Amino acid sequence: MLKTPESSSEPIWLVIFRLLRWHKPEGRLILMIPALWAVFLAAAGKPPLPLVGVIVLGTLATSAAGCVVNDLWDRDIDPQVERTRDRPLAARTLSIKVGIGVGIVALLCAAVLAIYLNPLTFWLSAAAVPVILLYPGAKRVFPIPQLVLSIAWGFAVLISWSAVTQNISQPTWLLWGATVLWTLGFDTVYAMSDREDDRRIGINSSALFFGNYASLAIGIFFAGTIAFLACLGISIHLHAAFWISLVIATIGWVWQSLQLSKPYLPNPVYGEMFRQNVWIGFILLAGMIAGSL
C-alpha cells in the first residue's frame with residue numbers, strides 16, 4: 001500500500017533531500033562535468049572562480065529542478081518500477097503541492113544565477129528550460145527519450161562555454177557532440193536495468209529501442225565521444241595531459257562495452273557502470289585543465 005504524505009515518519013527536509021536526489025550525488029555530478037569541461041576549456045584552463053561557482057550552483061539547481069519535474073511526471077509510473085518505487089512522490093510521502101513548490105524554487109534559483117551571465121548565455125539557459133520540462137514526457141511518445149536528455153545535457157556545454165567567450169564556436173560544437181554521445185551512452189547503460197519494468201508498463205527507452213544491439217549502440221556512442229574529444233583536442237591544441245586522460249577514458253569505455261556484450265549481467269552492474277562514468281568524466285576534466293595550461 002502506498003503511503004500518504006501524512007503517514008511519513010521522516011522529517012520533511014529529509015524527504016525533500018531525497019526528492020532532489022542529493023543522497024545520490026553521482027547524478028548531480030554527471031551533469032556538472034560537461035559544464036566544467038566547457039568553462040575550463042573555453043578559458044584555457046583558467047576561468048574566473050566566481051564564474052565557476054555560478055556554473056556549479058547552476059547545475060545543482062537545474063538538476064534539482066529536473067528531478068522534481070521528472071518525479072511529478074512519473075508519480076503514477078514510478079511505483080511500478082522497482083528502482084523508483086520509493087521516490088517521495090511515488091511513495092506518497094510528499095504531496096504534489098510541495099513537489100511543485102520545490103521545483104519552482106529550484107528553477108528560480110537557476111534563473112537568479114543566470115542573471116549573472118551575459119545575454120547570450122542567459123537566453124541559452126532559458127532555451128534549456130522547455131527541454132528539461134518536457135524530457136520526462138518524451139518516454140511516453142518518443143522511441144529514444146535518452147536523446148532528449150542528451151540534448152538537455154548538451155545545453156550545459158553551450159551555456160558554460162558562452163559564459164566565458166560570449167559566443168559559440170566550432171570547438172564548442174565538438175564538445176557538445178561529445179557530451180550528447182557520452183550522455184546517450186551512459187544513460188542507455190542506466191536504462192538497461194529498467195528494461196523489464198519499462199516493457200511491462202509500456203514506457204520507451206533507448207535500451208528497449210536498440211534491444212539486442214544495445215551494447216553495440218553504447219559502444220558506438222562511446223566511440224563517437226572519443227572521436228569528438230580527439231577532434232576537440234586537435235582543434236584547440238591541448239597538451240599531453242589531455243591525451244593521457246582520453247586514453248584512460250577510452251580504456252574505461254572499451255571495458256564497459258565488453259562487459260555489456262555478455263549475455264547476462266545483474267541489474268546492480270548497470271548502476272555501477274553509470275557511477276564509473278562520473279570518474280571517467282572527472283579524469284577527462286583533469287586532463288583538459290592540465291592540457292590547457
# chains A, B, ... in the order shown; residues from 1 in each chain; ligands from 1

call {"tool": "closest_atom_pairs", "arguments": {"of": "stretch 131-193 of chain A", "to": "stretch 279-290 of chain A", "cutoff": "12 Å", "atoms": "only C-alpha atoms", "output": "Markdown table"}}
result
| residue | atom | partner | partner_atom | distance |
| --- | --- | --- | --- | --- |
| A:Leu175 | CA | A:Met288 | CA | 11.5 |
| A:Ala178 | CA | A:Gly281 | CA | 11.4 |
| A:Thr179 | CA | A:Gly281 | CA | 10.1 |
| A:Trp182 | CA | A:Gly281 | CA | 9.6 |
| A:Thr183 | CA | A:Gly281 | CA | 10.9 |
| A:Phe186 | CA | A:Ile280 | CA | 11.0 |

call {"tool": "write_last_selection", "arguments": {"atoms": "C-alpha atoms", "output": "CSV table (one decimal), in the first residue's frame"}}
result
chain,number,residue,atom,x,y,z
A,175,LEU,CA,32.4,19.4,-27.1
A,178,ALA,CA,31.0,14.6,-27.3
A,179,THR,CA,28.6,15.4,-24.5
A,182,TRP,CA,28.5,10.4,-23.9
A,183,THR,CA,25.1,11.0,-22.3
A,186,PHE,CA,25.8,6.2,-20.1

call {"tool": "closest_atom_pairs", "arguments": {"of": "stretch 28-62 of chain A", "to": "stretch 97-116 of chain A", "cutoff": "9 Å", "atoms": "only C-alpha atoms", "output": "JSON lines"}}
result
{"residue": "A:Leu51", "atom": "CA", "partner": "A:Tyr116", "partner_atom": "CA", "distance": 8.7}
{"residue": "A:Val54", "atom": "CA", "partner": "A:Leu113", "partner_atom": "CA", "distance": 6.3}
{"residue": "A:Ile55", "atom": "CA", "partner": "A:Leu113", "partner_atom": "CA", "distance": 8.4}
{"residue": "A:Leu57", "atom": "CA", "partner": "A:Leu113", "partner_atom": "CA", "distance": 7.8}
{"residue": "A:Gly58", "atom": "CA", "partner": "A:Ala110", "partner_atom": "CA", "distance": 5.3}
{"residue": "A:Thr59", "atom": "CA", "partner": "A:Ala110", "partner_atom": "CA", "distance": 8.0}
{"residue": "A:Leu60", "atom": "CA", "partner": "A:Ala110", "partner_atom": "CA", "distance": 8.5}
{"residue": "A:Ala61", "atom": "CA", "partner": "A:Ala106", "partner_atom": "CA", "distance": 5.2}
{"residue": "A:Thr62", "atom": "CA", "partner": "A:Ala110", "partner_atom": "CA", "distance": 6.1}

call {"tool": "select_by_dssp", "arguments": {"residues": "stretch 134-172 of chain A", "states": "alpha helix (DSSP H)", "output": "mmCIF file with C-alpha atoms, in the first residue's frame"}}
result
data_model
loop_
_atom_site.group_PDB
_atom_site.id
_atom_site.type_symbol
_atom_site.label_atom_id
_atom_site.label_comp_id
_atom_site.auth_asym_id
_atom_site.auth_seq_id
_atom_site.Cartn_x
_atom_site.Cartn_y
_atom_site.Cartn_z
ATOM 1 C CA LEU A 134 9.353 18.065 -21.500
ATOM 2 C CA TYR A 135 12.006 15.335 -21.224
ATOM 3 C CA PRO A 136 10.024 13.141 -18.794
ATOM 4 C CA GLY A 137 7.099 13.118 -21.218
ATOM 5 C CA ALA A 138 9.319 12.016 -24.082
ATOM 6 C CA LYS A 139 9.450 8.444 -22.787
ATOM 7 C CA ARG A 140 5.707 8.188 -23.459
ATOM 8 C CA VAL A 141 5.817 9.228 -27.129
ATOM 9 C CA PRO A 145 13.886 9.563 -24.881
ATOM 10 C CA GLN A 146 17.547 9.447 -23.821
ATOM 11 C CA LEU A 147 18.286 11.599 -26.887
ATOM 12 C CA VAL A 148 16.126 14.361 -25.406
ATOM 13 C CA LEU A 149 18.040 14.053 -22.133
ATOM 14 C CA SER A 150 21.308 14.200 -24.078
ATOM 15 C CA ILE A 151 20.255 17.446 -25.735
ATOM 16 C CA ALA A 152 19.404 18.845 -22.304
ATOM 17 C CA TRP A 153 22.900 17.804 -21.122
ATOM 18 C CA GLY A 154 24.357 19.480 -24.206
ATOM 19 C CA PHE A 155 22.963 22.824 -23.059
ATOM 20 C CA ALA A 156 25.405 22.649 -20.136
ATOM 21 C CA VAL A 157 28.238 22.919 -22.676
ATOM 22 C CA LEU A 158 26.665 25.751 -24.672
ATOM 23 C CA ILE A 159 25.804 27.725 -21.537
ATOM 24 C CA SER A 160 29.181 27.318 -19.843
ATOM 25 C CA TRP A 161 31.286 27.929 -22.953
ATOM 26 C CA SER A 162 29.375 31.058 -23.949
ATOM 27 C CA ALA A 163 29.564 32.311 -20.360
ATOM 28 C CA VAL A 164 33.329 32.632 -20.884
ATOM 29 C CA THR A 165 33.601 33.674 -24.545
ATOM 30 C CA GLN A 170 33.494 25.226 -33.709
ATOM 31 C CA PRO A 171 35.225 23.805 -30.584
ATOM 32 C CA THR A 172 32.009 24.415 -28.644
#

call {"tool": "atom_distance", "arguments": {"atom1": "atom CA of A:Thr188", "atom2": "atom CA of A:Phe221"}}
result
9.8 Å

call {"tool": "closest_residue", "arguments": {"among": "A:Val68, A:Val52, A:Leu232, A:Ile244", "to": "A:Trp173", "atoms": "only C-alpha atoms"}}
result
A:Leu232

call {"tool": "atom_distance", "arguments": {"atom1": "atom CA of A:Ser63", "atom2": "atom CA of A:Ile248"}}
result
27.4 Å

call {"tool": "residues_around", "arguments": {"residues": "A:Asp76", "least_positions_apart": "6", "cutoff": "10 Å", "atoms": "only C-alpha atoms", "output": "list in words"}}
result
Arg85, Leu89, Ala90, Ala91 and Arg92 of chain A

call {"tool": "write_last_selection", "arguments": {"atoms": "N, CA and C atoms", "output": "PDB file, in the first residue's frame"}}
result
ATOM      1  N   ARG A  85      10.312   3.003  -6.945  1.00  0.00           N
ATOM      2  CA  ARG A  85       9.052   2.959  -6.195  1.00  0.00           C
ATOM      3  C   ARG A  85       9.117   3.691  -4.857  1.00  0.00           C
ATOM      4  N   LEU A  89       7.446  11.241  -4.230  1.00  0.00           N
ATOM      5  CA  LEU A  89       6.147  11.456  -4.867  1.00  0.00           C
ATOM      6  C   LEU A  89       5.497  10.138  -5.260  1.00  0.00           C
ATOM      7  N   ALA A  90       6.309   9.157  -5.622  1.00  0.00           N
ATOM      8  CA  ALA A  90       5.770   7.842  -5.962  1.00  0.00           C
ATOM      9  C   ALA A  90       5.222   7.138  -4.730  1.00  0.00           C
ATOM     10  N   ALA A  91       5.953   7.245  -3.617  1.00  0.00           N
ATOM     11  CA  ALA A  91       5.545   6.588  -2.379  1.00  0.00           C
ATOM     12  C   ALA A  91       4.527   7.403  -1.590  1.00  0.00           C
ATOM     13  N   ARG A  92       4.162   8.574  -2.118  1.00  0.00           N
ATOM     14  CA  ARG A  92       3.181   9.453  -1.482  1.00  0.00           C
ATOM     15  C   ARG A  92       3.636   9.918  -0.102  1.00  0.00           C
TER      16      ARG A  92
END

call {"tool": "residues_around", "arguments": {"residues": "stretch 12-16 of chain A", "least_positions_apart": "6", "cutoff": "8 Å", "atoms": "only C-alpha atoms", "output": "MDAnalysis selection string"}}
result
chainID A and resid 88 93:94 102

call {"tool": "atom_distance", "arguments": {"atom1": "atom CA of A:Gln256", "atom2": "atom CA of A:Leu229"}}
result
18.4 Å

call {"tool": "residues_around", "arguments": {"residues": "A:Pro143", "least_positions_apart": "4", "cutoff": "8 Å", "atoms": "only C-alpha atoms", "output": "PDB file with N, CA and C atoms, in the first residue's frame"}}
result
ATOM      1  N   LYS A 139       9.443   9.914 -22.874  1.00  0.00           N
ATOM      2  CA  LYS A 139       9.450   8.444 -22.787  1.00  0.00           C
ATOM      3  C   LYS A 139       8.081   7.848 -23.108  1.00  0.00           C
ATOM      4  N   ASN A 204       8.959   3.956 -23.210  1.00  0.00           N
ATOM      5  CA  ASN A 204      10.063   3.873 -24.163  1.00  0.00           C
ATOM      6  C   ASN A 204      11.406   4.131 -23.487  1.00  0.00           C
ATOM      7  N   SER A 205      12.445   3.538 -24.033  1.00  0.00           N
ATOM      8  CA  SER A 205      13.817   3.834 -23.619  1.00  0.00           C
ATOM      9  C   SER A 205      14.757   3.404 -24.730  1.00  0.00           C
ATOM     10  N   SER A 206      15.941   3.983 -24.748  1.00  0.00           N
ATOM     11  CA  SER A 206      16.930   3.594 -25.753  1.00  0.00           C
ATOM     12  C   SER A 206      17.344   2.142 -25.577  1.00  0.00           C
ATOM     13  N   PHE A 209      14.726   0.271 -27.335  1.00  0.00           N
ATOM     14  CA  PHE A 209      14.737   0.565 -28.762  1.00  0.00           C
ATOM     15  C   PHE A 209      15.839  -0.229 -29.473  1.00  0.00           C
TER      16      PHE A 209
END

call {"tool": "closest_residue", "arguments": {"among": "A:Cys231, A:Ile201, A:Val189, A:Ala42", "to": "A:Asn277", "atoms": "only C-alpha atoms"}}
result
A:Val189
